[in-house]
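Notes follow once the structure below has been shown.
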Amino acid sequence: MKKKLLRYFPFLYKLRVQQLILKRHLRNLNPKIKYAQSRKPDEFDFVCKKHKSVLRRVLANSDPILQENKIKNLKIALEHIDGVVINPGETFSFWKLIGKTTKGKGYIEGLMLSNGEVRTGTGGGLCQLANMLFWLALHTPLEIKERHHHSFDIFPDDRRVIPFGTGTSVFYNYVDLQFYNPTNFSFQFNIFLSDEFLEGTIICNEELEFNYKVEERNHQFYQNENRWYRGNEIWRMEISKYDNKLVNEELVMKNNSEVKYMKSNELTESV
C-alpha cells in the first residue's frame, strides 16, 4: 500500500527521501561509530577472495553508451575505494567514502535503479561496484551491517557466475552498503578495471582459520497476479581450513524480486 501511494503521489516520495537523508545524516554524526577512512598502498599478504564481473552486459532497450558512461563513473569512484582498510572495530560505508556523485566531480549520466524503475542519473552504474564489494565481504567474517536488495531483476543470467540476489542497491545518501569488522584482523579492498571486467580482491593482514563459502538455496520462479518473481536464499558457511569441516552456517538474506526481462511465456519455458 505504501509503495502504491508513493508511486501515485510523487511529492510524497520526495518527502520520504528527504526524511531518510536527514535520518542518515544524524546517524553519521554518532561518535560511537568509527568509519573506515584509511587507505594503504601496500597490499596485505593473505587473500580471502578474488572476483571479477563483466562491465558490458546485455540489457534490452538501453542505450549502449550508458554502459560506457558507467565505466567512467566507476573509474572515479574507485579512487575512493581501492586500497581502503577496514581495521578492527571499524565500519565500512560506501557513501562515506565516495560521497555525492556530482557533475562537478566528473560523474556523468548512467543507468540507475530507483523506485522500481530503470532510469538515468548522474553517477549511475555504481551498483556494480557495490555488488563487487558485497560479494567479496561475504567471503570474510565481516558482519553485514546494512545491505538493500533490488526489488526487481533487470538482468538475465548472461555470464552470471554468482547466485542471483547477491547484488545490492545503493542510493545517495540513504541507501548504503555497510560492513562492520568484529575481528582482531584488518581487511583491505583492492579494486580495479581491466578492458572487460571490474576486478576485485579482499585481503587480510593475517591468515584466517576458516574459508567462507556462499551458497544459494531454494531458488524458484513464481507467478503472482500476472507478474513473475524470482526468489532464493543466500547462506554463508564457515569451513575449517584444517579439516575442511563445516563449523557454522548462517542465512544471510532472502530475496524476492520481480523479473523484468522476460515475457511470461518465455519464463515459463525456461523454468
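Just so we're on the same page: first chain in the C-alpha cells is A, next is B, and so on; residues restart at 1 for each chain, and ligands are numbered from 1 in the order they show up.
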Distance query segment 243-245 of chain A at most 10 Å, only C-alpha atoms, self and fewer than 5 positions along chain excluded, as JSON, numbers by chain: {"A": [210, 211, 238]}
I need the residues from that last selection saved to file as a PDB file, in the first residue's frame (with N, CA, C and O atoms), if you can.
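After the write, result.pdb holds the following:
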```pdb
ATOM      1  N   PHE A 210      39.465 -19.934   8.819  1.00  0.00           N
ATOM      2  CA  PHE A 210      38.344 -20.503   8.082  1.00  0.00           C
ATOM      3  C   PHE A 210      38.298 -20.000   6.648  1.00  0.00           C
ATOM      4  O   PHE A 210      38.752 -18.900   6.336  1.00  0.00           O
ATOM      5  N   ASN A 211      37.725 -20.830   5.786  1.00  0.00           N
ATOM      6  CA  ASN A 211      37.291 -20.406   4.464  1.00  0.00           C
ATOM      7  C   ASN A 211      35.803 -20.111   4.530  1.00  0.00           C
ATOM      8  O   ASN A 211      35.072 -20.698   5.332  1.00  0.00           O
ATOM      9  N   GLU A 238      30.982 -21.280   7.135  1.00  0.00           N
ATOM     10  CA  GLU A 238      32.323 -21.139   7.683  1.00  0.00           C
ATOM     11  C   GLU A 238      32.944 -22.531   7.766  1.00  0.00           C
ATOM     12  O   GLU A 238      32.434 -23.402   8.472  1.00  0.00           O
TER      13      GLU A 238
END
```
Show me, as a PyMOL selection string, the residues that have an atom within 9 Å of segment 66-69 of chain A when counting only C-alpha atoms, minus same-chain residues fewer than 4 positions from it. chain A and resi 55-57+62+73-74+107-111+120+123-125
Emit the selected residues as a compact mmCIF listing (two decimals), in the first residue's frame, including C-alpha atoms.
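Okay, selection.txt is ready:
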```
# COMPACT_ATOMS: atom_id res chain seq x y z
CA LEU A 55 31.48 -4.46 -17.47
CA ARG A 56 29.19 -4.57 -20.50
CA ARG A 57 26.04 -6.65 -20.15
CA SER A 62 19.02 0.58 -23.17
CA ASN A 73 31.78 6.64 -13.28
CA LEU A 74 33.38 3.51 -11.84
CA TYR A 107 30.37 11.90 -12.93
CA ILE A 108 28.11 11.55 -15.97
CA GLU A 109 24.73 10.00 -16.83
CA GLY A 110 24.40 6.27 -16.29
CA LEU A 111 21.76 3.65 -15.58
CA THR A 120 19.32 7.51 -15.87
CA GLY A 123 26.80 8.72 -11.33
CA GLY A 124 24.64 5.83 -12.50
CA GLY A 125 26.22 2.39 -12.62
```
Residues of segment 32-109 of chain A in alpha helix (DSSP H) according to DSSP, as a compact mmCIF listing (two decimals) with C-alpha atoms, in the first residue's frame?
```txt
# COMPACT_ATOMS: atom_id res chain seq x y z
CA PRO A 64 24.94 1.11 -25.11
CA ILE A 65 26.60 4.48 -24.41
CA LEU A 66 25.23 4.26 -20.87
CA GLN A 67 27.39 1.17 -20.32
CA GLU A 68 30.44 3.21 -21.34
CA ASN A 69 29.33 6.05 -19.08
CA LYS A 70 29.09 3.57 -16.22
CA ILE A 71 32.72 2.61 -16.72
CA LYS A 72 33.76 6.27 -16.50
CA ASN A 73 31.78 6.64 -13.28
CA LEU A 74 33.38 3.51 -11.84
CA LYS A 75 36.86 4.90 -12.54
CA ILE A 76 36.09 7.99 -10.46
CA ALA A 77 34.51 6.05 -7.59
CA LEU A 78 37.42 3.59 -7.42
CA GLU A 79 39.74 6.44 -6.48
CA HIS A 80 37.95 6.48 -3.11
CA ILE A 81 37.53 2.72 -2.61
CA PHE A 94 30.02 3.00 0.67
CA TRP A 95 28.76 6.58 0.68
CA LYS A 96 31.01 7.86 3.46
CA LEU A 97 33.94 7.05 1.19
CA ILE A 98 32.55 8.02 -2.22
```
Residue nearest Met253 of chain A among A:Phe164, A:Tyr180, A:Phe192, A:Phe46 (counting only C-alpha atoms): A:Phe164
Within 7 Å of segment 129-146 of chain A, counting only C-alpha atoms, which residues qualify if same-chain residues fewer than 5 places away don't, as a PDB file with N, CA, C and O atoms, in the first residue's frame?
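Produced file selection29.pdb, reproduced below:
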```
ATOM      1  N   CYS A  48      41.573 -13.446   0.785  1.00  0.00           N
ATOM      2  CA  CYS A  48      40.332 -14.096   1.221  1.00  0.00           C
ATOM      3  C   CYS A  48      39.456 -14.478   0.033  1.00  0.00           C
ATOM      4  O   CYS A  48      38.869 -15.558   0.009  1.00  0.00           O
ATOM      5  N   LYS A  49      39.373 -13.577  -0.944  1.00  0.00           N
ATOM      6  CA  LYS A  49      38.518 -13.850  -2.110  1.00  0.00           C
ATOM      7  C   LYS A  49      38.883 -12.926  -3.262  1.00  0.00           C
ATOM      8  O   LYS A  49      39.180 -11.746  -3.050  1.00  0.00           O
ATOM      9  N   THR A 166      22.678 -11.699  -4.906  1.00  0.00           N
ATOM     10  CA  THR A 166      23.834 -11.267  -4.129  1.00  0.00           C
ATOM     11  C   THR A 166      24.296  -9.872  -4.547  1.00  0.00           C
ATOM     12  O   THR A 166      25.382  -9.433  -4.186  1.00  0.00           O
ATOM     13  N   GLY A 167      23.446  -9.186  -5.311  1.00  0.00           N
ATOM     14  CA  GLY A 167      23.696  -7.790  -5.624  1.00  0.00           C
ATOM     15  C   GLY A 167      23.182  -6.912  -4.499  1.00  0.00           C
ATOM     16  O   GLY A 167      22.603  -7.375  -3.515  1.00  0.00           O
ATOM     17  N   THR A 168      23.383  -5.624  -4.649  1.00  0.00           N
ATOM     18  CA  THR A 168      22.928  -4.694  -3.627  1.00  0.00           C
ATOM     19  C   THR A 168      22.577  -3.351  -4.256  1.00  0.00           C
ATOM     20  O   THR A 168      23.151  -2.961  -5.273  1.00  0.00           O
ATOM     21  N   ASP A 176      22.560   2.678   1.812  1.00  0.00           N
ATOM     22  CA  ASP A 176      24.002   2.492   1.901  1.00  0.00           C
ATOM     23  C   ASP A 176      24.351   1.010   1.937  1.00  0.00           C
ATOM     24  O   ASP A 176      23.491   0.147   2.095  1.00  0.00           O
ATOM     25  N   LEU A 177      25.628   0.726   1.784  1.00  0.00           N
ATOM     26  CA  LEU A 177      26.186  -0.607   1.980  1.00  0.00           C
ATOM     27  C   LEU A 177      27.242  -0.485   3.067  1.00  0.00           C
ATOM     28  O   LEU A 177      28.193   0.298   2.920  1.00  0.00           O
ATOM     29  N   GLN A 178      27.066  -1.224   4.157  1.00  0.00           N
ATOM     30  CA  GLN A 178      27.985  -1.109   5.285  1.00  0.00           C
ATOM     31  C   GLN A 178      28.377  -2.473   5.826  1.00  0.00           C
ATOM     32  O   GLN A 178      27.558  -3.383   5.914  1.00  0.00           O
ATOM     33  N   PHE A 179      29.668  -2.587   6.199  1.00  0.00           N
ATOM     34  CA  PHE A 179      30.193  -3.778   6.862  1.00  0.00           C
ATOM     35  C   PHE A 179      30.861  -3.343   8.163  1.00  0.00           C
ATOM     36  O   PHE A 179      31.481  -2.278   8.227  1.00  0.00           O
ATOM     37  N   TYR A 180      30.780  -4.211   9.162  1.00  0.00           N
ATOM     38  CA  TYR A 180      31.464  -3.958  10.442  1.00  0.00           C
ATOM     39  C   TYR A 180      32.509  -5.041  10.662  1.00  0.00           C
ATOM     40  O   TYR A 180      32.264  -6.218  10.384  1.00  0.00           O
ATOM     41  N   ASN A 181      33.671  -4.639  11.163  1.00  0.00           N
ATOM     42  CA  ASN A 181      34.751  -5.584  11.420  1.00  0.00           C
ATOM     43  C   ASN A 181      34.798  -5.936  12.907  1.00  0.00           C
ATOM     44  O   ASN A 181      35.315  -5.167  13.714  1.00  0.00           O
ATOM     45  N   PRO A 182      34.269  -7.109  13.285  1.00  0.00           N
ATOM     46  CA  PRO A 182      34.236  -7.508  14.694  1.00  0.00           C
ATOM     47  C   PRO A 182      35.486  -8.272  15.123  1.00  0.00           C
ATOM     48  O   PRO A 182      35.574  -8.713  16.273  1.00  0.00           O
ATOM     49  N   THR A 201      39.645  -7.852  -5.117  1.00  0.00           N
ATOM     50  CA  THR A 201      40.182  -8.793  -4.145  1.00  0.00           C
ATOM     51  C   THR A 201      39.973  -8.217  -2.755  1.00  0.00           C
ATOM     52  O   THR A 201      40.087  -7.004  -2.560  1.00  0.00           O
ATOM     53  N   ILE A 202      39.651  -9.077  -1.792  1.00  0.00           N
ATOM     54  CA  ILE A 202      39.678  -8.664  -0.393  1.00  0.00           C
ATOM     55  C   ILE A 202      40.767  -9.486   0.295  1.00  0.00           C
ATOM     56  O   ILE A 202      40.836 -10.710   0.129  1.00  0.00           O
ATOM     57  N   TYR A 212      35.351 -19.206   3.667  1.00  0.00           N
ATOM     58  CA  TYR A 212      33.935 -18.839   3.653  1.00  0.00           C
ATOM     59  C   TYR A 212      33.359 -19.157   2.278  1.00  0.00           C
ATOM     60  O   TYR A 212      33.890 -18.748   1.250  1.00  0.00           O
ATOM     61  N   LYS A 213      32.277 -19.908   2.285  1.00  0.00           N
ATOM     62  CA  LYS A 213      31.606 -20.308   1.058  1.00  0.00           C
ATOM     63  C   LYS A 213      30.189 -19.752   1.065  1.00  0.00           C
ATOM     64  O   LYS A 213      29.502 -19.780   2.091  1.00  0.00           O
TER      65      LYS A 213
END
```
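Among the candidates A:Pro163, A:Cys204, A:Tyr172, A:Leu15, the residue lying nearest to Glu233 of chain A is A:Pro163 (atoms considered: only C-alpha atoms).
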DSSP says strand (DSSP E) for which residues of segment 54-106 of chain A? Put them as a short mmCIF file (atom, residue, chain, number, x, y, z; two decimals) with N, CA and C atoms, in the first residue's frame?
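Contents of part-v8.cif, as written:
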```cif
data_model
loop_
_atom_site.label_atom_id
_atom_site.label_comp_id
_atom_site.auth_asym_id
_atom_site.auth_seq_id
_atom_site.Cartn_x
_atom_site.Cartn_y
_atom_site.Cartn_z
N VAL A 54 31.60 -8.74 -15.40
CA VAL A 54 31.59 -8.19 -16.76
C VAL A 54 31.12 -6.74 -16.74
N VAL A 85 41.20 0.29 3.98
CA VAL A 85 41.43 -0.71 5.01
C VAL A 85 40.33 -0.62 6.06
N ILE A 86 39.79 -1.78 6.44
CA ILE A 86 38.78 -1.85 7.50
C ILE A 86 39.47 -2.46 8.72
N GLU A 90 36.02 -1.05 13.05
CA GLU A 90 35.62 -0.03 12.10
C GLU A 90 34.45 -0.50 11.24
N THR A 91 33.71 0.47 10.71
CA THR A 91 32.59 0.22 9.81
C THR A 91 32.90 0.78 8.43
N PHE A 92 32.79 -0.05 7.43
CA PHE A 92 32.91 0.40 6.04
C PHE A 92 31.57 0.94 5.59
N SER A 93 31.57 2.15 5.01
CA SER A 93 30.36 2.75 4.46
C SER A 93 30.65 3.19 3.03
#
```
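In this comparison, which uses only C-alpha atoms, the residue of A:Asn184, A:Asn248, A:Asn255, A:Ser38 approaching Ser151 of chain A most closely is A:Asn255.
Interatomic distance, atom CA of Ile203 of chain A to atom CA of Val252 of chain A: 21.2 Å.
Among the candidates A:Asn224, A:Gln37, A:Ser257, A:Asn87, the one nearest to Thr183 of chain A when counting only C-alpha atoms is A:Asn87.
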Interatomic distance (Å, one decimal) between atom CA of Lys52 of chain A and atom CA of His148 of chain A: 21.2 Å
